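Trainee: Quick one, protein_15.txt (compact mmCIF, C-alpha atoms):
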# COMPACT_ATOMS: atom_id res chain seq x y z
CA MET H 268 210.61 -45.03 -34.77
CA PRO H 269 207.95 -42.92 -33.05
CA SER H 270 205.82 -44.66 -30.45
CA ALA H 271 202.04 -44.77 -30.46
CA LEU H 272 199.69 -45.73 -27.66
CA ILE H 273 196.35 -47.23 -28.67
CA ASN H 274 193.48 -48.06 -26.35
CA VAL H 275 190.72 -50.15 -27.92
CA PRO H 276 188.70 -52.59 -25.80
CA ALA H 277 189.59 -56.18 -26.70
CA LYS H 278 185.96 -57.29 -26.44
CA ALA H 279 182.55 -55.64 -26.73
CA LYS H 280 178.89 -56.61 -27.12
CA ARG H 281 177.22 -56.00 -30.49
CA GLY H 282 175.81 -52.48 -30.60
CA ASP H 283 177.96 -51.20 -27.72
CA ILE H 284 179.37 -47.69 -27.89
CA ILE H 285 183.11 -47.94 -27.32
CA GLU H 286 185.76 -45.30 -26.75
CA ILE H 287 188.96 -45.35 -28.76
CA LYS H 288 191.98 -43.44 -27.52
CA THR H 289 195.22 -42.83 -29.40
CA LEU H 290 198.40 -40.99 -28.50
CA MET H 291 201.13 -40.40 -31.08
CA SER H 292 204.65 -39.24 -30.35
CA HIS H 293 205.40 -36.07 -32.34
CA ILE H 294 207.04 -32.69 -31.63
CA MET H 295 204.37 -30.64 -33.53
CA GLU H 296 206.78 -27.80 -34.35
CA THR H 297 204.59 -24.85 -35.34
CA GLY H 298 206.82 -23.22 -37.95
CA TYR H 299 206.34 -19.88 -36.21
CA ARG H 300 209.38 -20.09 -33.96
CA HIS H 301 212.91 -18.84 -34.53
CA THR H 302 216.28 -19.99 -33.28
CA ALA H 303 218.53 -17.76 -31.16
CA SER H 304 220.31 -16.70 -34.38
CA GLY H 305 217.03 -15.65 -36.01
CA ASP H 306 216.56 -18.54 -38.42
CA SER H 307 213.03 -19.78 -38.79
CA VAL H 308 212.36 -23.29 -37.44
CA PRO H 309 210.52 -25.09 -40.26
CA ARG H 310 207.05 -26.40 -39.60
CA ASP H 311 206.96 -30.09 -38.67
CA ILE H 312 203.50 -31.25 -37.69
CA ILE H 313 201.14 -34.16 -38.21
CA THR H 314 198.60 -32.92 -40.76
CA SER H 315 196.07 -35.73 -40.76
CA PHE H 316 194.83 -38.66 -38.73
CA VAL H 317 192.52 -41.38 -40.03
CA CYS H 318 190.91 -44.39 -38.38
CA ARG H 319 189.52 -47.21 -40.52
CA PHE H 320 187.50 -50.22 -39.36
CA ASN H 321 187.73 -53.25 -41.65
CA GLY H 322 188.82 -50.90 -44.41
CA ASN H 323 186.04 -48.32 -44.00
CA GLU H 324 186.94 -44.87 -42.77
CA ILE H 325 185.14 -44.10 -39.48
CA PHE H 326 187.04 -41.09 -38.17
CA ARG H 327 189.25 -38.41 -39.68
CA ALA H 328 190.90 -35.29 -38.30
CA ASP H 329 193.01 -32.51 -39.79
CA LEU H 330 195.71 -31.13 -37.52
CA PHE H 331 197.08 -27.61 -37.38
CA PRO H 332 200.13 -25.82 -35.89
CA ALA H 333 198.29 -24.79 -32.71
CA ILE H 334 197.86 -28.43 -31.64
CA ALA H 335 200.18 -29.49 -28.81
CA ALA H 336 203.00 -32.01 -29.09
CA ASN H 337 202.12 -35.71 -28.87
CA PRO H 338 198.53 -35.36 -30.14
CA PHE H 339 195.90 -37.34 -28.24
CA PHE H 340 192.62 -38.36 -29.87
CA SER H 341 189.61 -39.83 -28.18
CA PHE H 342 186.45 -40.71 -30.10
CA PHE H 343 183.48 -43.05 -29.92
CA THR H 344 182.01 -45.59 -32.30
CA THR H 345 179.35 -48.27 -32.30
CA VAL H 346 180.61 -51.79 -32.90
CA THR H 347 178.60 -54.16 -35.06
CA GLU H 348 181.12 -56.86 -35.95
CA SER H 349 184.55 -58.19 -35.01
CA GLY H 350 187.41 -56.70 -36.90
CA LYS H 351 190.47 -54.54 -37.03
CA PHE H 352 190.90 -50.82 -36.43
CA GLU H 353 193.70 -49.28 -38.45
CA PHE H 354 195.15 -45.91 -37.53
CA GLU H 355 197.23 -43.70 -39.76
CA TRP H 356 199.08 -40.46 -39.03
CA VAL H 357 200.53 -38.42 -41.91
CA GLY H 358 202.54 -35.22 -41.60
CA ASP H 359 205.33 -32.92 -42.74
CA LYS H 360 208.78 -34.14 -43.75
CA GLY H 361 207.34 -37.43 -45.01
CA PHE H 362 205.98 -38.45 -41.60
CA SER H 363 203.79 -41.52 -41.96
CA GLU H 364 202.99 -43.94 -39.15
CA SER H 365 200.37 -46.57 -38.67
CA ALA H 366 199.08 -48.87 -35.96
CA SER H 367 196.24 -51.32 -35.56
CA ALA H 368 194.11 -53.00 -32.91
CA SER H 369 191.57 -55.80 -33.09
CA ILE H 370 188.24 -56.16 -31.36
CA THR H 371 186.07 -59.22 -30.79
CA VAL H 372 182.34 -58.54 -30.86
CA GLU H 373 180.13 -61.07 -29.10
CA MET V 147 222.43 -0.64 26.58
CA SER V 148 218.74 -1.41 26.96
CA LEU V 149 218.10 -0.10 23.42
CA ALA V 150 220.82 -2.36 22.04
CA ARG V 151 219.33 -5.28 23.94
CA THR V 152 215.86 -4.52 22.59
CA ILE V 153 217.22 -4.43 19.03
CA ALA V 154 219.08 -7.69 19.63
CA ILE V 155 215.93 -9.38 20.98
CA ALA V 156 213.86 -8.01 18.11
CA GLY V 157 216.46 -9.40 15.70
CA VAL V 158 216.23 -12.85 17.29
CA LEU V 159 212.43 -12.76 17.13
CA ILE V 160 212.45 -11.85 13.43
CA ALA V 161 214.99 -14.56 12.69
CA THR V 162 212.81 -17.12 14.50
CA ALA V 163 209.66 -16.01 12.73
CA THR V 164 211.20 -16.20 9.26
CA ALA V 165 213.20 -19.41 9.69
CA ALA V 166 211.90 -21.95 7.19
CA ALA V 167 210.13 -24.80 8.86
CA GLU V 168 209.90 -28.12 7.06
CA ILE V 169 206.42 -29.28 6.15
CA PRO V 170 205.18 -31.72 8.84
CA PRO V 171 204.92 -35.32 7.49
CA GLU V 172 201.12 -35.45 7.84
CA GLN V 173 200.75 -32.28 5.73
CA ARG V 174 202.92 -33.50 2.86
CA ARG V 175 201.18 -33.55 -0.53
CA SER V 176 202.27 -34.66 -3.94
CA GLY V 177 202.03 -32.12 -6.76
CA PHE V 178 199.35 -34.49 -8.11
CA SER V 179 196.87 -33.31 -5.46
CA PHE V 180 197.17 -29.69 -6.66
CA MET V 181 196.17 -30.56 -10.24
CA THR V 182 192.79 -30.34 -11.95
CA PRO V 183 190.80 -33.60 -12.27
CA GLU V 184 191.46 -33.49 -16.03
CA THR V 185 195.24 -33.45 -15.61
CA GLN V 186 195.02 -36.09 -12.87
CA SER V 187 193.09 -38.43 -15.14
CA MET V 188 195.68 -37.85 -17.87
CA GLN V 189 198.38 -39.10 -15.50
CA ASN V 190 196.30 -42.05 -14.29
CA ASP V 191 195.43 -43.39 -17.74
CA ASP V 192 198.47 -45.08 -19.30
CA THR V 193 197.06 -44.59 -22.80
CA ALA V 194 196.54 -40.85 -22.25
CA ASN V 195 199.74 -40.17 -20.29
CA PRO V 196 202.30 -38.88 -22.82
CA GLY V 197 205.10 -39.91 -20.46
CA MET V 198 204.32 -43.51 -21.41
CA LEU V 199 205.69 -42.76 -24.91
CA TRP V 200 209.13 -42.33 -23.32
CA VAL V 201 208.62 -45.46 -21.21
CA LEU V 202 207.94 -47.41 -24.42
CA ASP V 203 211.09 -45.99 -26.04
CA GLY V 204 213.04 -46.81 -22.88
CA GLU V 205 211.83 -50.40 -22.96
CA ALA V 206 213.20 -50.75 -26.51
CA LEU V 207 216.53 -49.14 -25.48
CA TRP V 208 216.76 -51.46 -22.45
CA LYS V 209 216.96 -54.45 -24.82
CA LYS V 210 219.15 -52.77 -27.44
CA LYS V 211 222.89 -53.52 -27.44
CA ALA V 212 225.08 -50.44 -27.08
CA GLY V 213 228.79 -49.62 -26.99
CA THR V 214 231.89 -51.64 -27.85
CA ALA V 215 231.08 -54.21 -25.14
CA GLY V 216 228.05 -55.17 -27.26
CA LYS V 217 225.81 -55.48 -24.22
CA ALA V 218 222.28 -54.30 -23.59
CA CYS V 219 220.98 -53.26 -20.16
CA ALA V 220 218.88 -56.44 -20.22
CA ASP V 221 221.97 -58.65 -20.69
CA CYS V 222 223.06 -57.89 -17.11
CA HIS V 223 219.87 -56.73 -15.42
CA GLY V 224 217.38 -59.07 -17.11
CA ASP V 225 213.71 -58.28 -16.79
CA ALA V 226 213.42 -54.71 -15.56
CA ALA V 227 210.03 -55.40 -13.97
CA ALA V 228 211.86 -57.56 -11.41
CA SER V 229 215.40 -56.15 -11.32
CA MET V 230 214.51 -52.44 -11.34
CA LYS V 231 211.50 -52.55 -9.02
CA GLY V 232 212.05 -50.04 -6.22
CA VAL V 233 215.46 -48.96 -7.52
CA ALA V 234 214.49 -45.44 -8.58
CA SER V 235 212.85 -44.83 -5.21
CA ARG V 236 216.35 -45.06 -3.64
CA TYR V 237 217.96 -42.47 -5.94
CA PRO V 238 220.03 -40.27 -5.77
CA ALA V 239 222.20 -42.94 -4.15
CA PHE V 240 225.76 -42.94 -2.78
CA ASP V 241 228.41 -44.14 -5.23
CA LYS V 242 231.32 -45.70 -3.33
CA ALA V 243 233.84 -45.36 -6.17
CA LEU V 244 233.10 -41.67 -6.68
CA GLY V 245 232.53 -40.87 -3.01
CA HIS V 246 229.42 -38.78 -3.68
CA PRO V 247 225.76 -39.34 -4.57
CA VAL V 248 224.65 -39.84 -8.18
CA ASP V 249 221.15 -39.50 -9.56
CA LEU V 250 219.42 -42.05 -11.78
CA GLU V 251 220.49 -40.37 -15.03
CA GLN V 252 224.10 -40.36 -13.87
CA ARG V 253 223.84 -44.00 -12.77
CA ILE V 254 222.59 -44.98 -16.24
CA ASN V 255 225.47 -43.08 -17.84
CA LEU V 256 227.98 -44.69 -15.43
CA CYS V 257 226.61 -48.07 -16.49
CA ARG V 258 227.02 -47.05 -20.12
CA THR V 259 230.64 -45.95 -19.74
CA ASN V 260 231.80 -48.65 -17.30
CA HIS V 261 229.91 -51.72 -18.48
CA GLN V 262 228.71 -51.07 -22.03
CA GLN V 263 231.82 -49.11 -23.09
CA ALA V 264 229.41 -46.65 -24.69
CA THR V 265 229.44 -42.86 -24.75
CA PRO V 266 227.34 -41.23 -22.01
CA LEU V 267 224.00 -39.87 -23.19
CA PRO V 268 223.62 -36.07 -23.00
CA PHE V 269 221.40 -34.70 -20.21
CA GLU V 270 217.78 -34.17 -21.37
CA SER V 271 218.39 -36.21 -24.54
CA ARG V 272 215.40 -38.30 -25.56
CA ASP V 273 217.29 -41.57 -25.02
CA LEU V 274 218.48 -40.72 -21.51
CA LEU V 275 215.01 -39.51 -20.49
CA ALA V 276 213.46 -42.63 -22.04
CA LEU V 277 215.78 -45.03 -20.18
CA THR V 278 215.34 -43.12 -16.92
CA ALA V 279 211.56 -43.06 -17.29
CA PHE V 280 211.50 -46.78 -18.09
CA VAL V 281 213.65 -47.66 -15.07
CA ALA V 282 211.76 -45.31 -12.74
CA LYS V 283 208.36 -46.55 -13.94
CA GLN V 284 209.22 -49.97 -12.47
CA SER V 285 209.08 -48.27 -9.05
CA ARG V 286 205.69 -46.67 -9.59
CA GLY V 287 203.77 -47.02 -6.33
CA SER V 288 206.86 -47.93 -4.29
CA PRO V 289 207.52 -45.70 -1.26
CA ILE V 290 210.45 -43.30 -1.71
CA GLU V 291 213.46 -44.42 0.34
CA ALA V 292 216.14 -42.05 -0.95
CA GLY V 293 218.52 -40.72 1.68
CA ALA V 294 218.22 -43.66 4.09
CA ASP V 295 221.92 -44.55 3.58
CA PRO V 296 223.84 -42.88 6.48
CA GLN V 297 226.72 -42.00 4.10
CA LEU V 298 224.34 -39.55 2.41
CA ALA V 299 223.73 -37.46 5.55
CA PRO V 300 226.33 -34.73 4.79
CA PHE V 301 225.02 -34.42 1.21
CA ILE V 302 221.40 -34.13 2.37
CA ALA V 303 222.57 -31.39 4.75
CA LYS V 304 224.25 -29.60 1.82
CA GLY V 305 221.09 -29.94 -0.24
CA ARG V 306 219.00 -28.53 2.58
CA ALA V 307 221.43 -25.63 2.96
CA LEU V 308 221.06 -24.87 -0.76
CA TYR V 309 217.29 -25.18 -0.47
CA THR V 310 217.15 -22.56 2.29
CA GLN V 311 219.85 -20.31 0.79
CA ARG V 312 218.49 -17.06 -0.65
CA GLN V 313 219.97 -16.34 -4.06
CA GLY V 314 219.46 -14.58 -7.38
CA GLN V 315 218.29 -11.07 -8.15
CA LEU V 316 214.94 -11.79 -6.47
CA ASN V 317 216.84 -12.99 -3.39
CA LEU V 318 214.61 -15.99 -2.80
CA ALA V 319 215.33 -19.45 -1.41
CA CYS V 320 213.43 -22.54 -2.58
CA SER V 321 211.97 -22.73 0.94
CA ASN V 322 210.48 -19.21 0.71
CA CYS V 323 207.90 -20.56 -1.73
CA HIS V 324 207.77 -24.33 -1.33
CA ASP V 325 207.84 -24.50 2.49
CA GLU V 326 206.25 -21.19 3.45
CA VAL V 327 203.52 -20.44 0.87
CA TRP V 328 202.96 -23.77 -0.90
CA ASP V 329 199.19 -23.42 -0.42
CA LYS V 330 199.13 -20.15 -2.39
CA ARG V 331 199.40 -19.38 -6.07
CA LEU V 332 202.07 -17.76 -8.21
CA ALA V 333 199.94 -15.97 -10.79
CA GLY V 334 197.51 -18.72 -11.86
CA SER V 335 199.69 -21.68 -10.90
CA ALA V 336 199.69 -23.65 -7.66
CA ILE V 337 203.07 -23.29 -5.92
CA THR V 338 203.11 -26.85 -4.45
CA GLN V 339 205.45 -28.40 -1.92
CA GLY V 340 208.45 -29.55 -3.90
CA HIS V 341 208.12 -33.30 -3.40
CA ALA V 342 209.83 -34.79 -6.42
CA THR V 343 207.72 -37.95 -6.58
CA GLY V 344 207.18 -38.35 -10.32
CA TYR V 345 210.37 -37.52 -12.23
CA PRO V 346 211.15 -37.70 -15.03
CA LEU V 347 207.70 -36.26 -15.74
CA TYR V 348 205.70 -34.85 -18.61
CA ARG V 349 205.02 -31.14 -18.24
CA LEU V 350 202.27 -29.75 -20.40
CA GLU V 351 204.17 -26.46 -20.41
CA TRP V 352 207.30 -28.16 -21.80
CA GLN V 353 205.28 -30.40 -24.12
CA THR V 354 207.86 -33.05 -23.37
CA LEU V 355 209.31 -35.22 -20.65
CA GLY V 356 211.91 -33.56 -18.44
CA SER V 357 214.19 -34.35 -15.51
CA LEU V 358 214.15 -32.97 -11.99
CA GLN V 359 217.40 -31.15 -12.83
CA ARG V 360 215.61 -29.33 -15.67
CA ARG V 361 212.85 -28.35 -13.24
CA LEU V 362 215.35 -27.10 -10.66
CA ARG V 363 217.23 -25.08 -13.28
CA ALA V 364 213.96 -23.51 -14.45
CA CYS V 365 213.15 -22.48 -10.85
CA LEU V 366 216.66 -21.00 -10.43
CA THR V 367 216.28 -19.00 -13.64
CA GLY V 368 212.86 -17.91 -12.34
CA ILE V 369 214.42 -16.30 -9.26
CA ARG V 370 217.03 -14.81 -11.60
CA ALA V 371 219.90 -16.81 -10.20
CA GLN V 372 222.66 -18.45 -12.24
CA ALA V 373 221.39 -22.02 -12.72
CA TYR V 374 223.81 -24.80 -11.79
CA ASP V 375 225.02 -26.90 -14.74
CA PHE V 376 223.35 -30.23 -15.52
CA GLY V 377 225.08 -32.93 -13.48
CA SER V 378 226.63 -30.46 -11.01
CA PRO V 379 227.01 -31.61 -7.40
CA GLU V 380 224.64 -28.82 -6.27
CA LEU V 381 221.76 -30.10 -8.39
CA VAL V 382 222.31 -33.70 -7.24
CA GLU V 383 222.37 -32.54 -3.59
CA LEU V 384 219.13 -30.61 -4.12
CA GLU V 385 217.57 -33.66 -5.79
CA LEU V 386 218.73 -35.82 -2.88
CA TYR V 387 217.30 -33.43 -0.28
CA LEU V 388 213.96 -33.21 -2.11
CA MET V 389 213.71 -36.99 -2.43
CA SER V 390 214.75 -37.56 1.20
CA ARG V 391 211.99 -35.25 2.46
CA ALA V 392 209.50 -37.19 0.32
CA GLN V 393 210.44 -40.47 2.06
CA GLY V 394 207.44 -42.79 2.27
CA MET V 395 205.46 -41.02 -0.45
CA PRO V 396 204.72 -43.24 -3.48
CA MET V 397 206.66 -42.88 -6.76
CA GLU V 398 204.48 -41.64 -9.64
CA THR V 399 206.85 -41.83 -12.63
CA PRO V 400 205.96 -40.92 -15.32
CA ALA V 401 203.88 -38.17 -13.71
CA VAL V 402 202.06 -35.41 -15.60
CA ARG V 403 202.21 -31.81 -14.38
CA PRO V 404 200.69 -28.64 -15.84
Translate this structure into structure tokens?
Mentor:
Amino acid sequence: MPSALINVPAKAKRGDIIEIKTLMSHIMETGYRHTASGDSVPRDIITSFVCRFNGNEIFRADLFPAIAANPFFSFFTTVTESGKFEFEWVGDKGFSESASASITVE
Amino acid sequence: MSLARTIAIAGVLIATATAAAEIPPEQRRSGFSFMTPETQSMQNDDTANPGMLWVLDGEALWKKKAGTAGKACADCHGDAAASMKGVASRYPAFDKALGHPVDLEQRINLCRTNHQQATPLPFESRDLLALTAFVAKQSRGSPIEAGADPQLAPFIAKGRALYTQRQGQLNLACSNCHDEVWDKRLAGSAITQGHATGYPLYRLEWQTLGSLQRRLRACLTGIRAQAYDFGSPELVELELYLMSRAQGMPMETPAVRP
């Protein structure tokens, strides 16, 4: 079970700009490397990351082989209501992980 | 006669000038202080520090039963935040039964074989790094105390001898770089002082967490010497010497390095 680290403020004032930070555990194998015996190491990367707030998509990213292991995302959003952020990572070899965090808007 | 004496004196002078001097305590610096502000902030923020992913895994393994004894680490040691606080800052530590020092990875594996009746975890395996990082993280901020035990003195001396021993095709000792030119650069990289304050740590170059033994082996390969095997007495003695000279500096595990 891969670990994820999520940093969303627990509370914010209506209209505040908040920073969201996520870190997902993944090897991000490029597919361009070879073993000592010459066999190609198959690509194994996260291909997409999505963040939804109360069901609406607010951030999306496509990932590529040049992105380092354990991808870290930081992005900003304006909060207007209390609710739940849902994060989803999808990748090669059936990789699919999700996490969530709630925020209270005063 | 006088020529021979002159040569002898010159020889003594050269030997004195090139003898590695240890870094004075007030000039000691963690590798952290050589890093860019960006990499420093990565280490300081627990949600940006990739080493915390291993700490999380280690926390899960701490509570997971293993081996035929059916015991988890937590069944004997309880809450790691209390029982493991300051422990890693005393490692490598002297093991009475074995009669030599063991590092934290070896201690965890001894616990696995002796108390959990489980197979030892391979060096650099994700699980061993995760457990080590989790245990060592409980000492974050604690001053390093390794080497205070008087039984360790001969092993620290051996470690220091290895540290100052020239070896490999480049004929370099650890001290030639890390004591003598630590304020300079090797190509684009800071050389740094070799104070092992944050292991196991996340190296951006490795894109993973790694142990001090891995770091030492990489340095040995770099000077084109035959690297000692994982778990060899030489590596543990080097670890012990490095930790003993960092006495009083705060633990940083899991650190981030470039």
Trainee: Within 6 Å of chain H, which residues belong to chain V? Use all atoms listed in the file and report them as a list in words.
Mentor: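 Close enough to count are Thr193, Leu199 and Gln353 of chain V.
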Trainee: Output C-alpha atoms for every residue in the selection just made, as a PDB file, keeping the file's coordinate frame.
Mentor:
ATOM      1  CA  THR V 193     197.060 -44.590 -22.800  1.00  0.00           C
ATOM      2  CA  LEU V 199     205.690 -42.760 -24.910  1.00  0.00           C
ATOM      3  CA  GLN V 353     205.280 -30.400 -24.120  1.00  0.00           C
TER       4      GLN V 353
END
Trainee: Tell me which of V:Gly334, V:Pro404, V:Pro238, V:Gly224 sits closest to Tyr348 of chain V, counting all atoms listed in the file.
Mentor: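 The closest residue to Tyr348 of chain V is V:Pro404.
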Trainee: For Val317 of chain H, which of H:Gly361, H:Thr345, H:Arg281, H:Glu353 is the closest residue, counting only C-alpha atoms?
Mentor: H:Glu353
Trainee: For a quick check of understanding, using all atoms listed in the file, which of V:Asp295, V:Arg349, V:Pro266, V:Arg286 has the smallest distance to Asn190 of chain V?
Mentor: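 Checking each candidate against Asn190 of chain V, we get V:Arg286 as the closest.
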Trainee: Identify, on the basis of all atoms listed in the file, every residue whose closest approach to Lys280 of chain H does not exceed 9 Å; exclude the query and any residue fewer than 6 positions from it along the same chain; express the result as number ranges by chain.
Mentor: H: 346-347, 371-373
Trainee: Env of Phe240 of chain V: 8 Å cut, atoms = all atoms listed in the file, seq-sep filter 5 positions within chain, self excluded. Answer as JSON, numbers by chain.
Mentor: {"V": [245, 246, 247, 248, 295, 297, 298]}
Trainee: Which distance in Å separates atom CA of Asp203 of chain V and atom CA of Ala276 of chain V, to one decimal?
Mentor: 5.7 Å
Trainee: What is the atom CA of Val382 of chain V to atom CA of Gly305 of chain V distance in Å?
Mentor: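 Going from atom CA of Val382 of chain V over to atom CA of Gly305 of chain V, I get 8.0 Å.
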Trainee: When you count only C-alpha atoms, which of these residues is closest to Gln173 of chain V: V:Lys217, V:Trp328, V:Ile254, V:Gly204?
Mentor: V:Trp328
Trainee: Between H:Thr314, H:Glu348, H:Thr302, H:Glu286, which residue has the minimum interatomic distance to Ile334 of chain H, considering all atoms listed in the file?
Mentor: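 That would be H:Thr314, the residue with the smallest distance to Ile334 of chain H.
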Trainee: Would you list the contacts of Ala227 of chain V as a compact mmCIF listing (two decimals) with C-alpha atoms, keeping the file's coordinate frame, taking every protein, DNA or RNA residue within 12 Å and counting only C-alpha atoms, but skipping same-chain residues closer than 3 positions in sequence?
Mentor:
# COMPACT_ATOMS: atom_id res chain seq x y z
CA GLU V 205 211.83 -50.40 -22.96
CA TRP V 208 216.76 -51.46 -22.45
CA ALA V 220 218.88 -56.44 -20.22
CA HIS V 223 219.87 -56.73 -15.42
CA GLY V 224 217.38 -59.07 -17.11
CA MET V 230 214.51 -52.44 -11.34
CA LYS V 231 211.50 -52.55 -9.02
CA GLY V 232 212.05 -50.04 -6.22
CA VAL V 233 215.46 -48.96 -7.52
CA PHE V 280 211.50 -46.78 -18.09
CA VAL V 281 213.65 -47.66 -15.07
CA ALA V 282 211.76 -45.31 -12.74
CA LYS V 283 208.36 -46.55 -13.94
CA GLN V 284 209.22 -49.97 -12.47
CA SER V 285 209.08 -48.27 -9.05
CA ARG V 286 205.69 -46.67 -9.59
Trainee: Hey, can you check how far atom CA of Gly177 of chain V sits from atom CA of Ala226 of chain V?
Mentor: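 Between atom CA of Gly177 of chain V and atom CA of Ala226 of chain V the gap is 26.8 Å.
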Trainee: Quick one: of V:Lys209, V:Arg312, V:Arg361, V:Arg236, who's nearest to Phe376 of chain V, counting all atoms listed in the file?
Mentor: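 Result for the nearest residue to Phe376 of chain V: V:Arg361.
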Trainee: Show me, as JSON, numbers by chain, the residues that have an atom within 12 Å of Arg258 of chain V when counting all atoms listed in the file, minus same-chain residues fewer than 2 positions from it.
Mentor: {"V": [207, 208, 211, 212, 213, 214, 215, 216, 217, 218, 219, 222, 251, 252, 253, 254, 255, 256, 260, 261, 262, 263, 264, 265, 266, 267, 268, 274, 277]}
Trainee: Please produce a file of the residues just selected, as a short mmCIF file (atom, residue, chain, number, x, y, z; two decimals), in the coordinates of the input, where the atoms kept are C-alpha atoms.
Mentor:
data_model
loop_
_atom_site.label_atom_id
_atom_site.label_comp_id
_atom_site.auth_asym_id
_atom_site.auth_seq_id
_atom_site.Cartn_x
_atom_site.Cartn_y
_atom_site.Cartn_z
CA LEU V 207 216.53 -49.14 -25.48
CA TRP V 208 216.76 -51.46 -22.45
CA LYS V 211 222.89 -53.52 -27.44
CA ALA V 212 225.08 -50.44 -27.08
CA GLY V 213 228.79 -49.62 -26.99
CA THR V 214 231.89 -51.64 -27.85
CA ALA V 215 231.08 -54.21 -25.14
CA GLY V 216 228.05 -55.17 -27.26
CA LYS V 217 225.81 -55.48 -24.22
CA ALA V 218 222.28 -54.30 -23.59
CA CYS V 219 220.98 -53.26 -20.16
CA CYS V 222 223.06 -57.89 -17.11
CA GLU V 251 220.49 -40.37 -15.03
CA GLN V 252 224.10 -40.36 -13.87
CA ARG V 253 223.84 -44.00 -12.77
CA ILE V 254 222.59 -44.98 -16.24
CA ASN V 255 225.47 -43.08 -17.84
CA LEU V 256 227.98 -44.69 -15.43
CA ASN V 260 231.80 -48.65 -17.30
CA HIS V 261 229.91 -51.72 -18.48
CA GLN V 262 228.71 -51.07 -22.03
CA GLN V 263 231.82 -49.11 -23.09
CA ALA V 264 229.41 -46.65 -24.69
CA THR V 265 229.44 -42.86 -24.75
CA PRO V 266 227.34 -41.23 -22.01
CA LEU V 267 224.00 -39.87 -23.19
CA PRO V 268 223.62 -36.07 -23.00
CA LEU V 274 218.48 -40.72 -21.51
CA LEU V 277 215.78 -45.03 -20.18
#
